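Structure record follows, encoded as structure tokens.
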Amino acid sequence: MNRLLKSRELWLALAILAVIVLVTLRFPRFSQPGNLLTIFNDTSILMMLALGQMAVILTRSIDLSMASNLALTGMLVAMTNAAFPSIPIPLLIAGCVVVGAALGAFNGILVWKLDIPPIVVTLGTLTIFRGLVFVVSGGAWVNAAQMSTDFIQLQRGSFLGLPILSWFAIVVAALVYLLMTRTHWGRAFYAIGVNPTASVYTGINVGRTKFLAFVLSGAISGLCGYLWISRYVIASVEVAGGYELTIVAACVIGGVSIAGGIGTVGGALLGALFLGVVNNALPVIGVSPFWQMAISGAAILLAVVLNARGERSKGRIILKKAEVAA
Amino acid sequence: MTDATANGRRLPNRLDNPFKSAVLSWESLLVLVALGIFIANSFASPYFLNAWSLSDLTFNFTEKGLIALAMALVIISGEIDLSVASIIALASTLMGLALQYGADTPTLAAVGVGVGILCGAFNGFLVTGLKLPSIVVTIGTMSLFRGIAFIILGDQSFKGYPASFSWFGQGYVFWVISFEVVLFLVAAVIFYVLLHRTNFGRRVFAIGNNATAARFSGVRVDRIKFVLFCLTGLMSGIAAILLTARLGSTRPSIAEGFELDVVTMVVLGGVSILGGAGSIIGVVLAALIIGLVTFGLGLLNVPGIVMTIFTGSLLIVVIALPILFRMIRERRA
């Protein structure tokens, strides 16, 4: 059983490889390094968001407001850039992270201090943040002509052969990996997910840990706000609409258990990458993009069926035996 | 997702004065909120207090409200169904497809209801048969069902529904009383009886409070949950008929985002998202409140996207206030 748990990422990696191989058999150019790097770059934002969502899900919570947070910080940074083009981009990015973290902290405070279920809180802030995008922008768009060249070009630059956007994903993944495996804070996420009561006895403040997870997911959403806007060069109310569930889907496919406590950085990354590879492969093999949604739905269901096998607790098995005996 | 035992549920004290508990109940709070918004609306706009305005208002919540009734039962049983809006999309698309093959109105309605029940049964099977968490299953089927609608329709739309079909969404039973609102009220009564006056309803509460104990007490937990998912599917199918008839066309993006509105209604109605507690009256009142808010803001020319700030804040404030009051009370004591 333990081996199976450990090899979950391996299976997912094999599944991604299988998709790549199958597509390559018909379209050899699909697996050229350049194209694979493009897919990686295309998926960078989803990978980062999935890592933030994973931290929250580990603590038995869920953050449905990430896409709205992204849209709001994205709109704010785009408007700031349009109004004051002289502000250096790194400062803007830092601002995005702070604003995103503040929005996440708002979720976190409600979960921590008022003990409102996270799904209710983030369902509310999902609509509130999205509505605020309209309020701050007055419904207007910020388009490419209004953004400064640096703002648009920064993530398109390349370093050691990789676009800067990909480097953002790599650095964020490395930081989250260190956080999850090497710090007291990261281990607390797992601890309260596995057993909140036992965590309290070991001296972990459950509420505060959840709060920190929301701040993390908020900060990542904020960072992705800038990256999304500068990548697609348009800031509007509809940015990333409905994306919150794609982020959850990436986590689920990556083997993050919605019941909390189970999930790895590698799994979440591969889950996002799987969606990225499938979405890139469809147009190549000539499948209409309208199939995309149904296929990702089927992938989620398949992933959760496969993952559930490893997650069965012993308590349930005892109950099953009792049921058979009765 | 959340562990019920870790949060500790407060048991109701039967020795409490019934009058006092009625006044302090969630439903009376909702009635006050509804009255407040109603009065504010009548002051805010001269067009509000008018039989036809009030009739139009009901269209804001009837379809979502119908689903919310069934969703309340699902959430009370400790599960959730996020695929309802996608069931509407799929049912509506298949009705449109049936129309292309010359289906008449009864057949169209049968297709809508049938697709709804089948989708619900599929969710129910995955949750109870394969023992999967419902939130993940229904996020998956949410993409799957709407995805199938997209495969069938692409960027096209179905139009040309017969007039007898349009009556479901546009017809009036008597004067300003629309068919939709009559259907909603009848469904509300049925669900009230089902949840609060039958063994089935008591079992739903039992499952939500402690599924393991319920199973050991002889409640067929899986079968009841399966039925609940079928019910949500059925109500989504009915909502699909009403919405398609009202709009007169089908696009794959129909009813997008409804799932979160429906869950908002249910939670606002006092149903605990952790399961085990809630009432149909609360859900009906919550549906009315959301209808009043969106309609009133609409009369004031507030854009739809800004309205979502109000409904989102309403959700958080209404949930947070009682908790805040309780905390203040406990601090004083």
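Here, A, B, ... name the chains of the structure tokens in the order displayed, residue numbers run from 1 inside each chain, and ligands are numbered from 1 in the same displayed order.
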
Exercise. Got a sec to pull out which chain B residues are within 9 Å of chain A, counting only C-alpha atoms, and send them as an MDAnalysis selection string?
Worked result: chainID B and resid 1:3 6:7 126 130:133 135:155 212 216 257 260 263:264 267 273:274 304:316 319:320 323:324 327

May I have the selected residues written with C-alpha atoms, as a PDB file, in the first residue's frame?
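Output contents, as saved in selection.pdb:
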ATOM      1  CA  MET B   1     -13.805  17.967   3.748  1.00  0.00           C
ATOM      2  CA  THR B   2     -14.482  19.207   7.230  1.00  0.00           C
ATOM      3  CA  ASP B   3     -14.610  16.878  10.145  1.00  0.00           C
ATOM      4  CA  ALA B   6     -13.723  18.064  15.372  1.00  0.00           C
ATOM      5  CA  ASN B   7     -15.993  21.094  15.250  1.00  0.00           C
ATOM      6  CA  LEU B 126     -20.046   7.510  -8.166  1.00  0.00           C
ATOM      7  CA  LEU B 130     -17.577   3.872  -5.624  1.00  0.00           C
ATOM      8  CA  LYS B 131     -17.387   5.738  -2.274  1.00  0.00           C
ATOM      9  CA  LEU B 132     -15.907   8.906  -3.725  1.00  0.00           C
ATOM     10  CA  PRO B 133     -16.091  12.355  -2.130  1.00  0.00           C
ATOM     11  CA  ILE B 135     -17.343  17.527  -3.993  1.00  0.00           C
ATOM     12  CA  VAL B 136     -14.698  16.026  -6.283  1.00  0.00           C
ATOM     13  CA  VAL B 137     -17.139  13.815  -8.179  1.00  0.00           C
ATOM     14  CA  THR B 138     -19.437  16.708  -8.941  1.00  0.00           C
ATOM     15  CA  ILE B 139     -16.575  19.022  -9.924  1.00  0.00           C
ATOM     16  CA  GLY B 140     -15.701  16.289 -12.417  1.00  0.00           C
ATOM     17  CA  THR B 141     -19.246  15.724 -13.689  1.00  0.00           C
ATOM     18  CA  MET B 142     -19.682  19.495 -13.813  1.00  0.00           C
ATOM     19  CA  SER B 143     -17.029  19.598 -16.554  1.00  0.00           C
ATOM     20  CA  LEU B 144     -18.235  16.340 -18.081  1.00  0.00           C
ATOM     21  CA  PHE B 145     -21.940  17.220 -18.440  1.00  0.00           C
ATOM     22  CA  ARG B 146     -21.353  20.722 -19.762  1.00  0.00           C
ATOM     23  CA  GLY B 147     -18.517  19.354 -21.870  1.00  0.00           C
ATOM     24  CA  ILE B 148     -20.945  16.978 -23.601  1.00  0.00           C
ATOM     25  CA  ALA B 149     -23.255  19.945 -24.230  1.00  0.00           C
ATOM     26  CA  PHE B 150     -20.303  21.746 -25.841  1.00  0.00           C
ATOM     27  CA  ILE B 151     -19.464  18.694 -27.960  1.00  0.00           C
ATOM     28  CA  ILE B 152     -23.036  18.544 -29.269  1.00  0.00           C
ATOM     29  CA  LEU B 153     -23.574  22.261 -29.763  1.00  0.00           C
ATOM     30  CA  GLY B 154     -20.139  23.809 -30.231  1.00  0.00           C
ATOM     31  CA  ASP B 155     -20.731  27.496 -30.856  1.00  0.00           C
ATOM     32  CA  THR B 212     -21.795   5.696  10.799  1.00  0.00           C
ATOM     33  CA  PHE B 216     -25.621   0.946  12.530  1.00  0.00           C
ATOM     34  CA  GLY B 257     -22.421  29.752 -12.446  1.00  0.00           C
ATOM     35  CA  LEU B 260     -22.630  28.545  -6.656  1.00  0.00           C
ATOM     36  CA  VAL B 263     -25.315  26.662  -2.766  1.00  0.00           C
ATOM     37  CA  THR B 264     -25.400  30.290  -1.588  1.00  0.00           C
ATOM     38  CA  VAL B 267     -26.384  28.116   3.082  1.00  0.00           C
ATOM     39  CA  ILE B 273     -22.623  23.196   5.130  1.00  0.00           C
ATOM     40  CA  LEU B 274     -21.268  20.516   7.485  1.00  0.00           C
ATOM     41  CA  GLY B 304     -25.274  42.419 -12.462  1.00  0.00           C
ATOM     42  CA  ILE B 305     -21.633  41.964 -11.586  1.00  0.00           C
ATOM     43  CA  VAL B 306     -21.912  44.477  -8.734  1.00  0.00           C
ATOM     44  CA  MET B 307     -24.979  42.625  -7.432  1.00  0.00           C
ATOM     45  CA  THR B 308     -22.749  39.636  -6.866  1.00  0.00           C
ATOM     46  CA  ILE B 309     -20.833  41.715  -4.313  1.00  0.00           C
ATOM     47  CA  PHE B 310     -24.092  42.141  -2.410  1.00  0.00           C
ATOM     48  CA  THR B 311     -25.069  38.469  -2.536  1.00  0.00           C
ATOM     49  CA  GLY B 312     -21.532  37.402  -1.615  1.00  0.00           C
ATOM     50  CA  SER B 313     -21.392  39.826   1.308  1.00  0.00           C
ATOM     51  CA  LEU B 314     -24.911  38.843   2.355  1.00  0.00           C
ATOM     52  CA  LEU B 315     -23.790  35.219   2.517  1.00  0.00           C
ATOM     53  CA  ILE B 316     -20.749  35.961   4.677  1.00  0.00           C
ATOM     54  CA  ILE B 319     -23.365  33.519   8.539  1.00  0.00           C
ATOM     55  CA  ALA B 320     -20.853  35.575  10.509  1.00  0.00           C
ATOM     56  CA  ILE B 323     -21.305  33.576  15.323  1.00  0.00           C
ATOM     57  CA  LEU B 324     -20.063  37.037  16.338  1.00  0.00           C
ATOM     58  CA  MET B 327     -18.795  34.961  20.778  1.00  0.00           C
TER      59      MET B 327
END

For this session: Would you kindly return, as a list in words, each protein, DNA or RNA residue with an atom no farther than 10 Å from any atom of Ile87 in chain B, considering only C-alpha atoms and excluding same-chain residues fewer than 5 positions away?
Result: Leu82, Ser92, Thr93, Gly112, Val115, Gly116, Ile117, Leu118, Cys119, Gly120, Thr141, Met142, Leu144, Phe145, Arg146, Ala149, Thr232, Gly233, Leu234, Met235, Ser236, Gly237, Ala239, Ala240 and Ala255 of chain B

Problem set entry | One-decimal distance in Å that lies between CA of Arg203 in chain B and CA of Ile76 in chain B | 10.3 Å

Problem set entry | Using only C-alpha atoms: which of B:Gly36, B:Gly169, B:Gly78, B:Gly65 has the shortest distance to Ile241 in chain B | B:Gly169

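The smallest atom-to-atom distance between Leu300 in chain B and any of B:Thr128, B:Thr244, B:Asn41, B:Ser53, using only C-alpha atoms, is found for B:Asn41.
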
For this session: Skip Phe205 in chain B itself and residues of its chain fewer than 2 positions away, then list as a list in words all residues within 7 Å of it, counting only C-alpha atoms.
Result: Ile76, Ser77, Gly201, Arg202, Arg203, Ile207, Gly208, Asn209, Gly276 and Ala277 of chain B

Requested write-out: N, CA and C atoms of the selected residues, as an mmCIF file, in the first residue's frame:
data_model
loop_
_atom_site.group_PDB
_atom_site.id
_atom_site.type_symbol
_atom_site.label_atom_id
_atom_site.label_comp_id
_atom_site.auth_asym_id
_atom_site.auth_seq_id
_atom_site.Cartn_x
_atom_site.Cartn_y
_atom_site.Cartn_z
ATOM 1 N N ILE B 76 -27.728 18.680 3.729
ATOM 2 C CA ILE B 76 -28.054 18.204 5.079
ATOM 3 C C ILE B 76 -27.500 16.789 5.277
ATOM 4 N N SER B 77 -27.510 15.979 4.217
ATOM 5 C CA SER B 77 -26.993 14.620 4.350
ATOM 6 C C SER B 77 -25.467 14.590 4.348
ATOM 7 N N GLY B 201 -37.087 11.962 5.708
ATOM 8 C CA GLY B 201 -36.460 13.226 6.116
ATOM 9 C C GLY B 201 -35.635 13.069 7.380
ATOM 10 N N ARG B 202 -36.199 12.357 8.379
ATOM 11 C CA ARG B 202 -35.460 12.138 9.628
ATOM 12 C C ARG B 202 -34.160 11.386 9.346
ATOM 13 N N ARG B 203 -34.236 10.436 8.412
ATOM 14 C CA ARG B 203 -33.021 9.660 8.090
ATOM 15 C C ARG B 203 -31.979 10.546 7.438
ATOM 16 N N ILE B 207 -28.270 10.876 8.824
ATOM 17 C CA ILE B 207 -27.058 10.633 8.039
ATOM 18 C C ILE B 207 -26.117 11.824 8.151
ATOM 19 N N GLY B 208 -26.687 13.033 8.077
ATOM 20 C CA GLY B 208 -25.859 14.230 8.121
ATOM 21 C C GLY B 208 -25.171 14.411 9.460
ATOM 22 N N ASN B 209 -25.834 13.997 10.536
ATOM 23 C CA ASN B 209 -25.230 14.157 11.855
ATOM 24 C C ASN B 209 -24.182 13.105 12.140
ATOM 25 N N GLY B 276 -26.456 17.918 8.523
ATOM 26 C CA GLY B 276 -27.158 17.592 9.757
ATOM 27 C C GLY B 276 -28.149 18.608 10.257
ATOM 28 N N ALA B 277 -28.181 19.805 9.685
ATOM 29 C CA ALA B 277 -29.118 20.813 10.175
ATOM 30 C C ALA B 277 -29.596 21.691 9.029
#

For this session: Considering only C-alpha atoms, return as a list in words whatever protein or nucleic-acid residues lie within 9 Å of Gly218 in chain A, sequence-local ones (same chain, fewer than 5 positions apart) excluded.
Result: Gly52, Asp63, Ser65, Met66, Asn69, Leu70, Val97, Val98, Val99, Gly100, Ala101, Ala102, Leu103, Gly104, Ala105, Asn107, Ala213 and Leu223 of chain A

Problem set entry | Atom pair CA of Ala187 in chain B / CA of Thr294 in chain B: separation (Å) | 22.5 Å

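Across the model, the gap from CA of Gln32 in chain A to CA of Asp150 in chain A is 29.8 Å.
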
Residues near Arg29 in chain A, anyone? I mean within 12 Å using only C-alpha atoms, not counting same-chain ones fewer than 4 positions away, as a PDB file with C-alpha atoms, in the first residue's frame.
ATOM      1  CA  ILE A  20       2.721  12.615 -25.435  1.00  0.00           C
ATOM      2  CA  VAL A  21       3.809   9.346 -27.084  1.00  0.00           C
ATOM      3  CA  VAL A  23       0.161  12.132 -30.060  1.00  0.00           C
ATOM      4  CA  THR A  24       3.765  11.934 -31.281  1.00  0.00           C
ATOM      5  CA  LEU A  25       3.045   8.680 -33.144  1.00  0.00           C
ATOM      6  CA  PRO A  33      11.734  20.012 -27.151  1.00  0.00           C
ATOM      7  CA  GLY A  34      10.546  23.423 -28.282  1.00  0.00           C
ATOM      8  CA  ASN A  35       6.910  22.375 -28.223  1.00  0.00           C
ATOM      9  CA  LEU A  36       7.230  20.616 -24.874  1.00  0.00           C
ATOM     10  CA  ALA A 281      -2.642  17.864 -27.652  1.00  0.00           C
ATOM     11  CA  VAL A 284      -2.846  18.991 -32.657  1.00  0.00           C
ATOM     12  CA  ILE A 285      -4.705  15.737 -33.249  1.00  0.00           C
TER      13      ILE A 285
END

For this session: Tell me, as a ChimeraX atom specification, which residues lie within 12 Å of Pro163 in chain A, counting only C-alpha atoms; anything in the same chain fewer than 2 positions away does not count.
Result: /A:34,37-42,44,153-161,165-170,231

For this session: Write out as a PyMOL selection string the residues lying within 12 Å of Ala140 in chain A, counting only C-alpha atoms and excluding same-chain residues fewer than 3 positions away.
Result: chain A and resi 75+78-79+133-137+143+234-238
